[in-house]
>>> print(open('target.txt').read())   # compact mmCIF, C-alpha atoms
# COMPACT_ATOMS: atom_id res chain seq x y z
CA MET U 1 -10.23 42.17 -30.87
CA GLU U 2 -13.69 41.01 -29.91
CA SER U 3 -15.69 42.99 -27.41
CA THR U 4 -17.22 41.02 -24.57
CA THR U 5 -20.46 42.17 -23.02
CA TYR U 6 -21.46 40.96 -19.61
CA LEU U 7 -25.06 40.44 -18.66
CA PRO U 8 -26.33 40.96 -15.12
CA SER U 9 -26.97 37.22 -14.88
CA ASP U 10 -23.21 36.62 -15.31
CA TYR U 11 -22.67 38.16 -11.87
CA LEU U 12 -25.24 35.92 -10.16
CA PRO U 13 -22.73 33.36 -8.80
CA ILE U 14 -20.66 36.13 -7.21
CA ILE U 15 -23.73 37.72 -5.66
CA VAL U 16 -24.95 34.36 -4.33
CA GLN U 17 -21.57 33.57 -2.77
CA PHE U 18 -21.33 37.04 -1.22
CA ALA U 19 -24.86 36.69 0.21
CA ALA U 20 -24.05 33.22 1.56
CA ALA U 21 -20.90 34.51 3.27
CA ILE U 22 -22.71 37.46 4.86
CA GLY U 23 -25.59 35.18 5.86
CA PHE U 24 -23.21 32.71 7.50
CA VAL U 25 -21.52 35.48 9.49
CA ILE U 26 -24.83 36.89 10.69
CA PHE U 27 -26.19 33.41 11.48
CA SER U 28 -23.06 32.48 13.45
CA MET U 29 -23.09 35.69 15.48
CA VAL U 30 -26.79 35.49 16.32
CA LEU U 31 -26.59 31.79 17.19
CA SER U 32 -23.52 32.18 19.43
CA HIS U 33 -25.14 35.12 21.21
CA ALA U 34 -28.39 33.19 21.68
CA ILE U 35 -27.00 29.90 23.01
CA GLY U 36 -23.70 31.06 24.52
CA PRO U 37 -23.14 31.17 28.28
CA LYS U 38 -23.97 34.40 30.06
CA ARG U 39 -22.08 34.16 33.36
CA HIS U 40 -20.70 37.42 34.72
CA SER U 41 -18.52 37.99 37.74
CA LYS U 42 -16.14 40.66 38.95
CA VAL U 43 -13.09 38.54 38.11
CA LYS U 44 -14.38 37.39 34.72
CA ASP U 45 -15.30 40.91 33.61
CA ALA U 46 -11.97 42.41 34.72
CA GLN U 47 -9.67 43.64 31.96
CA TRP U 48 -6.54 41.56 31.46
CA GLU U 49 -3.76 41.68 28.95
CA SER U 50 -1.58 38.60 28.44
CA GLY U 51 -2.56 37.31 31.86
CA ILE U 52 -1.08 40.31 33.66
CA ALA U 53 -3.35 42.56 35.66
CA SER U 54 -3.63 46.13 34.40
CA VAL U 55 -1.82 48.63 36.60
CA GLY U 56 -1.85 52.39 36.21
CA ASP U 57 -3.30 54.69 33.61
CA ALA U 58 -3.43 53.58 29.99
CA ARG U 59 -2.85 57.14 28.85
CA THR U 60 0.68 57.52 30.15
CA PRO U 61 2.78 59.56 27.73
CA VAL U 62 5.18 57.68 25.47
CA SER U 63 8.38 59.29 24.26
CA ILE U 64 8.21 60.70 20.75
CA LYS U 65 11.60 59.06 20.11
CA TYR U 66 9.86 55.67 19.94
CA PHE U 67 7.59 56.83 17.13
CA LEU U 68 10.40 58.59 15.29
CA ILE U 69 12.51 55.45 15.33
CA ALA U 70 9.57 53.39 14.06
CA ILE U 71 8.84 55.83 11.23
CA LEU U 72 12.50 56.02 10.26
CA PHE U 73 12.74 52.24 10.23
CA VAL U 74 9.80 52.00 7.85
CA LEU U 75 11.15 54.82 5.69
CA PHE U 76 14.62 53.37 5.28
CA ASP U 77 13.33 49.82 5.07
CA VAL U 78 11.24 50.72 2.04
CA GLU U 79 14.43 51.56 0.15
CA VAL U 80 15.16 47.83 -0.03
CA ILE U 81 11.87 47.37 -1.88
CA PHE U 82 13.13 49.76 -4.56
CA MET U 83 16.66 48.39 -4.61
CA TYR U 84 15.73 44.74 -5.10
CA PRO U 85 14.21 45.06 -8.60
CA TRP U 86 17.12 47.29 -9.60
CA ALA U 87 19.63 44.71 -8.36
CA VAL U 88 17.87 41.96 -10.30
CA ASN U 89 17.78 43.97 -13.56
CA PHE U 90 20.83 46.20 -13.26
CA ARG U 91 22.43 44.84 -16.47
CA GLN U 92 19.30 45.54 -18.55
CA LEU U 93 18.94 49.03 -17.06
CA GLY U 94 22.47 50.00 -18.06
CA MET U 95 24.16 53.26 -17.15
CA VAL U 96 20.87 55.18 -16.94
CA GLY U 97 19.57 52.78 -14.28
CA PHE U 98 22.86 53.04 -12.40
CA ILE U 99 22.72 56.85 -12.38
CA GLU U 100 19.10 56.78 -11.21
CA MET U 101 20.04 54.45 -8.35
CA VAL U 102 22.97 56.68 -7.39
CA LEU U 103 20.58 59.66 -7.25
CA PHE U 104 18.08 57.63 -5.23
CA MET U 105 20.74 56.47 -2.76
CA SER U 106 22.21 59.97 -2.45
CA THR U 107 18.76 61.33 -1.60
CA LEU U 108 18.31 58.63 1.04
CA LEU U 109 21.77 59.24 2.46
CA ALA U 110 21.10 62.98 2.61
CA GLY U 111 17.95 62.23 4.62
CA PHE U 112 19.89 59.85 6.87
CA TYR U 113 22.56 62.52 7.41
CA TYR U 114 19.81 65.01 8.35
CA VAL U 115 18.35 62.51 10.85
CA ILE U 116 21.76 61.95 12.45
CA LYS U 117 22.52 65.69 12.53
CA LYS U 118 19.20 66.40 14.27
CA GLY U 119 20.05 63.74 16.89
CA VAL U 120 16.92 61.68 16.35
CA LEU U 121 18.82 58.43 16.89
CA ASN U 122 20.35 59.58 20.21
CA TRP U 123 18.27 57.72 22.76
CA GLU U 124 18.51 59.17 26.27
>>> encode(input="target.txt", output="structure tokens")
Amino acid sequence: MESTTYLPSDYLPIIVQFAAAIGFVIFSMVLSHAIGPKRHSKVKDAQWESGIASVGDARTPVSIKYFLIAILFVLFDVEVIFMYPWAVNFRQLGMVGFIEMVLFMSTLLAGFYYVIKKGVLNWE
């Protein structure tokens, strides 16, 4: 196997492209700030979200149940990522792969049982 040595000049095209990209971003931002309109008014500077006027305090408390459901969704959704390659290659993995998947699924089901027992999914 032949060893390849890279000279600093080999990286010159990458450095030039990176510098051009950064230069374009800086140029665009400075130019748009310099020639862009600067009209301010009470209505224009008001904060809006999706065309609906903001009402109330943005720091109102949100139920922890919302975050728990979101985290549990991500947690149990990731199991599909691990199951898909196993399902594609289950014949090549043989009995060892099957036993590993049974252990994996039993661990997930034990966690799901714990979540149900704790009442996390009971939305009130």
>>> residues_around(input="target.txt", residues="Ile64 (chain U)", least_positions_apart="5", cutoff="12 Å", atoms="all atoms listed in the file", output="list of chain:residue names")
U:Ile69, U:Ala70, U:Ile71, U:Val120, U:Leu121, U:Trp123, U:Glu124
>>> atom_distance(input="target.txt", atom1="CA of Glu79 (chain U)", atom2="CA of Phe104 (chain U)")
8.9 Å
>>> residues_around(input="target.txt", residues="Leu108 (chain U)", least_positions_apart="6", cutoff="12 Å", atoms="all atoms listed in the file", output="VMD selection string")
chain U and resid 72 75 to 80 82 to 83 101 to 102 114 to 115
